[in-house]
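Novice: Below is final_14.cif; it holds mmCIF, C-alpha atoms.
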data_model
#
loop_
_atom_site.label_atom_id
_atom_site.label_comp_id
_atom_site.auth_asym_id
_atom_site.auth_seq_id
_atom_site.Cartn_x
_atom_site.Cartn_y
_atom_site.Cartn_z
CA MET E 227 -282.15 -53.11 -100.43
CA ARG E 228 -281.98 -50.34 -97.82
CA PRO E 229 -284.40 -51.64 -95.17
CA ALA E 230 -285.90 -50.53 -91.90
CA LEU E 231 -287.38 -52.97 -89.40
CA ILE E 232 -290.79 -51.87 -88.15
CA ILE E 233 -292.36 -53.42 -85.05
CA VAL E 234 -296.09 -52.74 -85.00
CA ASP E 235 -298.04 -52.44 -81.75
CA MET E 236 -296.17 -54.89 -79.57
CA VAL E 237 -297.64 -53.05 -76.60
CA VAL E 238 -298.95 -54.43 -73.33
CA ASP E 239 -302.66 -54.16 -74.20
CA PHE E 240 -302.23 -56.19 -77.41
CA VAL E 241 -299.83 -58.82 -76.08
CA THR E 242 -300.72 -59.53 -72.45
CA GLY E 243 -303.21 -56.81 -71.44
CA LYS E 244 -306.77 -55.91 -72.44
CA PHE E 245 -306.62 -57.69 -75.82
CA GLY E 246 -303.94 -60.16 -74.70
CA ASN E 247 -303.16 -62.50 -77.54
CA PRO E 248 -301.28 -65.81 -77.20
CA TYR E 249 -300.33 -65.62 -80.89
CA ALA E 250 -298.69 -62.23 -80.29
CA GLN E 251 -296.85 -63.72 -77.32
CA GLU E 252 -295.50 -66.54 -79.53
CA ILE E 253 -293.83 -64.15 -82.00
CA ILE E 254 -291.75 -62.29 -79.39
CA PRO E 255 -288.59 -64.46 -79.83
CA ASN E 256 -288.64 -63.98 -83.62
CA ILE E 257 -289.07 -60.21 -83.36
CA LYS E 258 -286.30 -60.10 -80.78
CA LEU E 259 -283.98 -62.01 -83.13
CA LEU E 260 -284.81 -59.65 -86.02
CA ILE E 261 -284.10 -56.63 -83.81
CA GLU E 262 -280.71 -58.08 -82.83
CA LYS E 263 -279.82 -58.74 -86.49
CA ALA E 264 -280.98 -55.25 -87.52
CA HIS E 265 -278.82 -53.68 -84.80
CA GLU E 266 -275.81 -55.75 -85.96
CA LYS E 267 -276.31 -54.43 -89.50
CA ASN E 268 -277.04 -50.82 -88.44
CA ILE E 269 -280.52 -51.05 -89.90
CA PRO E 270 -283.03 -48.62 -88.39
CA VAL E 271 -285.47 -50.19 -85.94
CA ILE E 272 -288.77 -48.36 -85.60
CA TYR E 273 -291.46 -49.17 -83.08
CA LEU E 274 -295.03 -48.09 -83.79
CA ARG E 275 -297.18 -47.98 -80.70
CA ASP E 276 -300.83 -47.22 -80.22
CA SER E 277 -301.16 -44.26 -77.89
CA HIS E 278 -304.72 -43.02 -77.77
CA SER E 279 -306.43 -39.98 -76.33
CA GLY E 280 -310.08 -39.97 -75.30
CA ASP E 281 -311.42 -38.53 -78.54
CA ASP E 282 -309.76 -40.95 -80.99
CA LYS E 283 -312.26 -42.38 -83.47
CA GLU E 284 -310.87 -45.89 -83.09
CA LEU E 285 -312.13 -46.03 -79.49
CA SER E 286 -315.74 -46.05 -80.73
CA LEU E 287 -315.01 -49.40 -82.35
CA TRP E 288 -312.63 -51.09 -79.89
CA GLY E 289 -313.28 -49.29 -76.60
CA LYS E 290 -310.52 -47.78 -74.51
CA HIS E 291 -307.16 -49.42 -75.07
CA ALA E 292 -303.51 -48.39 -75.26
CA MET E 293 -304.33 -45.01 -73.75
CA GLU E 294 -301.58 -42.37 -73.68
CA GLY E 295 -299.78 -42.54 -70.33
CA ASP E 296 -301.20 -45.94 -69.36
CA LYS E 297 -299.14 -49.11 -69.08
CA GLY E 298 -301.24 -50.68 -71.85
CA SER E 299 -299.64 -48.33 -74.39
CA GLU E 300 -296.08 -49.24 -73.42
CA ILE E 301 -293.94 -51.55 -75.51
CA ILE E 302 -293.64 -54.93 -73.83
CA PRO E 303 -290.48 -55.23 -71.71
CA GLU E 304 -289.17 -58.22 -73.71
CA LEU E 305 -288.85 -55.96 -76.76
CA ALA E 306 -287.75 -52.76 -75.03
CA PRO E 307 -286.29 -50.29 -77.53
CA SER E 308 -282.60 -49.47 -77.50
CA PRO E 309 -281.48 -45.83 -77.35
CA GLN E 310 -280.79 -45.74 -81.11
CA ASP E 311 -284.28 -47.04 -81.99
CA TYR E 312 -287.24 -44.88 -82.89
CA VAL E 313 -290.59 -45.03 -81.10
CA ILE E 314 -293.52 -43.46 -82.89
CA LYS E 315 -296.86 -42.98 -81.18
CA LYS E 316 -299.87 -43.44 -83.43
CA LYS E 317 -303.57 -42.88 -83.01
CA VAL E 318 -304.84 -44.91 -85.96
CA TYR E 319 -303.95 -48.23 -87.54
CA SER E 320 -301.20 -46.81 -89.74
CA GLY E 321 -297.98 -45.34 -88.40
CA PHE E 322 -297.75 -43.14 -91.51
CA TYR E 323 -300.80 -41.05 -90.58
CA LYS E 324 -299.87 -37.72 -88.96
CA THR E 325 -296.47 -38.94 -87.70
CA ASP E 326 -292.87 -38.46 -88.78
CA LEU E 327 -292.46 -42.10 -89.89
CA GLU E 328 -292.03 -41.28 -93.57
CA ASP E 329 -289.50 -38.53 -92.76
CA ILE E 330 -287.46 -40.97 -90.66
CA LEU E 331 -287.47 -43.53 -93.46
CA LYS E 332 -286.36 -40.92 -96.00
CA LYS E 333 -283.65 -39.62 -93.65
CA HIS E 334 -282.16 -43.13 -93.62
CA ASN E 335 -282.64 -43.59 -97.40
CA VAL E 336 -284.90 -46.57 -96.73
CA ASP E 337 -286.50 -48.19 -99.75
CA THR E 338 -287.86 -51.33 -98.03
CA VAL E 339 -289.92 -51.75 -94.87
CA ILE E 340 -289.82 -55.03 -92.97
CA LEU E 341 -293.08 -55.38 -91.04
CA THR E 342 -293.56 -57.39 -87.86
CA GLY E 343 -296.01 -57.21 -84.97
CA THR E 344 -299.71 -57.28 -84.36
CA SER E 345 -302.37 -57.44 -85.64
CA THR E 346 -301.55 -58.72 -89.11
CA HIS E 347 -305.05 -58.12 -90.47
CA ILE E 348 -305.41 -54.62 -89.02
CA CYS E 349 -302.37 -52.50 -88.20
CA VAL E 350 -299.73 -54.50 -90.08
CA LEU E 351 -302.01 -54.55 -93.13
CA HIS E 352 -302.62 -50.77 -93.00
CA ASN E 353 -298.91 -50.04 -92.61
CA SER E 354 -298.22 -52.31 -95.58
CA ALA E 355 -300.76 -50.39 -97.67
CA ASP E 356 -299.42 -46.96 -96.71
CA ALA E 357 -295.82 -48.05 -97.31
CA PHE E 358 -296.76 -49.44 -100.73
CA PHE E 359 -298.70 -46.27 -101.63
CA ARG E 360 -295.59 -44.22 -100.79
CA GLY E 361 -293.32 -46.28 -103.02
CA PHE E 362 -291.61 -48.49 -100.44
CA ASP E 363 -291.03 -52.18 -101.04
CA VAL E 364 -292.80 -54.25 -98.40
CA ILE E 365 -291.60 -57.37 -96.63
CA VAL E 366 -293.74 -59.08 -94.00
CA ILE E 367 -292.26 -61.65 -91.65
CA SER E 368 -294.99 -64.25 -91.31
CA ASP E 369 -293.85 -65.81 -88.04
CA ALA E 370 -293.03 -62.42 -86.50
CA SER E 371 -296.54 -61.08 -87.03
CA ALA E 372 -299.83 -62.30 -85.59
CA SER E 373 -303.58 -61.81 -85.50
CA PHE E 374 -306.16 -62.92 -82.94
CA VAL E 375 -307.33 -65.63 -85.35
CA PRO E 376 -304.85 -67.62 -87.49
CA GLU E 377 -307.18 -67.51 -90.51
CA GLU E 378 -307.20 -63.70 -90.40
CA HIS E 379 -303.40 -63.72 -90.25
CA GLU E 380 -303.15 -65.95 -93.32
CA ARG E 381 -305.79 -63.95 -95.21
CA ALA E 382 -303.92 -60.69 -94.50
CA LEU E 383 -300.58 -62.17 -95.63
CA LYS E 384 -302.17 -63.33 -98.89
CA TYR E 385 -303.79 -59.92 -99.41
CA MET E 386 -300.54 -58.00 -98.81
CA LYS E 387 -298.69 -60.34 -101.19
CA GLU E 388 -301.29 -60.00 -103.95
CA ILE E 389 -302.29 -56.33 -103.53
CA HIS E 390 -299.17 -54.62 -102.09
CA ASN E 391 -296.63 -56.87 -103.83
CA ALA E 392 -295.30 -57.73 -100.36
CA LYS E 393 -292.64 -60.40 -100.07
CA ILE E 394 -293.50 -62.86 -97.31
CA TYR E 395 -290.71 -64.63 -95.41
CA THR E 396 -290.31 -66.55 -92.19
CA THR E 397 -287.76 -65.18 -89.75
CA GLN E 398 -285.13 -67.75 -90.72
CA GLU E 399 -285.74 -67.27 -94.45
CA PHE E 400 -285.28 -63.55 -94.07
CA ILE E 401 -282.13 -63.86 -91.97
CA GLU E 402 -280.71 -66.06 -94.75
CA LYS E 403 -281.68 -63.41 -97.31
CA TRP E 404 -279.86 -60.78 -95.21
CA ARG E 405 -276.74 -62.97 -95.28
CA GLU E 406 -276.93 -63.13 -99.08
CA ILE E 407 -277.23 -59.36 -99.39
CA ASN E 408 -274.52 -58.35 -96.90
#
Rewrite the coordinates I just gave you, this time as structure tokens.
Specialist:
Amino acid sequence: MRPALIIVDMVVDFVTGKFGNPYAQEIIPNIKLLIEKAHEKNIPVIYLRDSHSGDDKELSLWGKHAMEGDKGSEIIPELAPSPQDYVIKKKVYSGFYKTDLEDILKKHNVDTVILTGTSTHICVLHNSADAFFRGFDVIVISDASASFVPEEHERALKYMKEIHNAKIYTTQEFIEKWREIN
């Protein structure tokens, strides 16, 4: 396994801002632990962050949120990227669409993406699909991802497992798996 850790949309508007989500707030310690372990193992850490402009189609559905240049689009301070990490701005649910995410993964010879963040049933799900379609193995950390409604979170995990062949682990299960591999 040659993984990359991807943190999806842990930005102010989705954690404590406009769409503040207590479930997203609860996963912060687990994501932080995964980031620390990834850094220890020299595994690429990639942040995907919504960063919208006024004409983005998504705004017609959700209203203005995570606007480019606004605090709501910034990664929450608790998960601030390190200098070696990548931060990719995205305008749609998937970080693969019109970004250099796939190029970064290929540059690091990544074959497996480890998905965390919010929202499981929207952006995490779409990143899982696009990773699967591009030939990457997908791992989703169940207690390091969250939706606004727990049932939507569980439904999305089941869907990714059944349709994208995603492996689902808790944070501790995955850290144990990392120990077995390295």
Novice: Could you give me, as a list in words, the residues that have an atom at most 10 Å away from the point (-290.4, -42.7, -84.3) in the coordinates of the file, using all atoms listed in the file?
Specialist: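 Those residues, ordered by chain and then number, are Ile232, Val271, Ile272, Tyr273, Leu274, Arg275, Asp311, Tyr312, Val313, Ile314, Lys315, Lys316, Gly321, Thr325, Asp326, Leu327, Glu328, Asp329, Ile330 and Leu331 of chain E.
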Novice: Evaluated on this file, the PyMOL selection byres ((chain E and resi 367) around 12) picks out some residues - which ones are they, written as a ChimeraX atom specification?
Specialist: /E:231-234,253,256-257,259-260,339-344,346,350,354,364-366,368-372,379-380,383,386-387,392-401
Novice: What's the 9 Å shell around Glu284 in chain E, counting only C-alpha atoms, without same-chain residues fewer than 6 positions away, as a PyMOL selection string?
Specialist: chain E and resi 278+290+317-319
Novice: Fewer than 2 positions away in the same chain doesn't count, so skip those; otherwise give me all residues within 12 Å of Glu304 in chain E, counting all atoms listed in the file, as a ChimeraX atom specification.
Specialist: /E:236-238,241-242,251-259,261,300-302,306-308
Novice: Can you work out the spacing between CA of Asp239 in chain E and CA of Gly298 in chain E in Å, to one decimal?
Specialist: 4.4 Å
Novice: Which of these, E:Trp288, E:Phe359, E:Tyr323, E:Phe240, has the shortest distance to Ile389 in chain E once you count only C-alpha atoms?
Specialist: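 Checking each of E:Trp288, E:Phe359, E:Tyr323, E:Phe240 against Ile389 in chain E, counting only C-alpha atoms, the winner is E:Phe359.
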Novice: Given the file shown, enumerate the residues that the PyMOL selection byres ((chain E and resi 227) around 12) captures and present them as a count of residues only.
Specialist: 19
Novice: At what distance in Å, to one decimal, does CA of Glu402 in chain E lie from CA of Pro376 in chain E?
Specialist: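 Taking CA of Pro376 in chain E and CA of Glu402 in chain E, their separation equals 25.3 Å.
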Novice: Can you measure CA of Ser299 in chain E to CA of Glu266 in chain E for me? One decimal in Å is fine.
Specialist: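 Between CA of Ser299 in chain E and CA of Glu266 in chain E the gap is 27.5 Å.
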Novice: Check the smallest atom-to-atom distance from each of E:Lys297, E:Lys244, E:Lys333, E:Arg381 to Ser277 in chain E using all atoms listed in the file, then report the winner.
Specialist: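 Smallest separation from Ser277 in chain E among the options: E:Lys297.
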Novice: For Pro248 in chain E, which of E:Leu305, E:Cys349, E:Val375, E:Ala382 is the closest residue, counting all atoms listed in the file?
Specialist: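 Counting all atoms listed in the file, the residue closest to Pro248 in chain E is E:Val375.
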Novice: Considering only C-alpha atoms, state which residue in the set E:Gly243, E:His265, E:Ser345, E:Asp235 is at the smallest distance from Ser373 in chain E.
Specialist: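 Result for the nearest residue to Ser373 in chain E: E:Ser345.
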Novice: For a quick check of understanding, using all atoms listed in the file, which of E:Asn391, E:Ser286, E:Asn247, E:Asn268 has the smallest distance to Gln310 in chain E?
Specialist: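 Smallest distance to Gln310 in chain E is found for E:Asn268.
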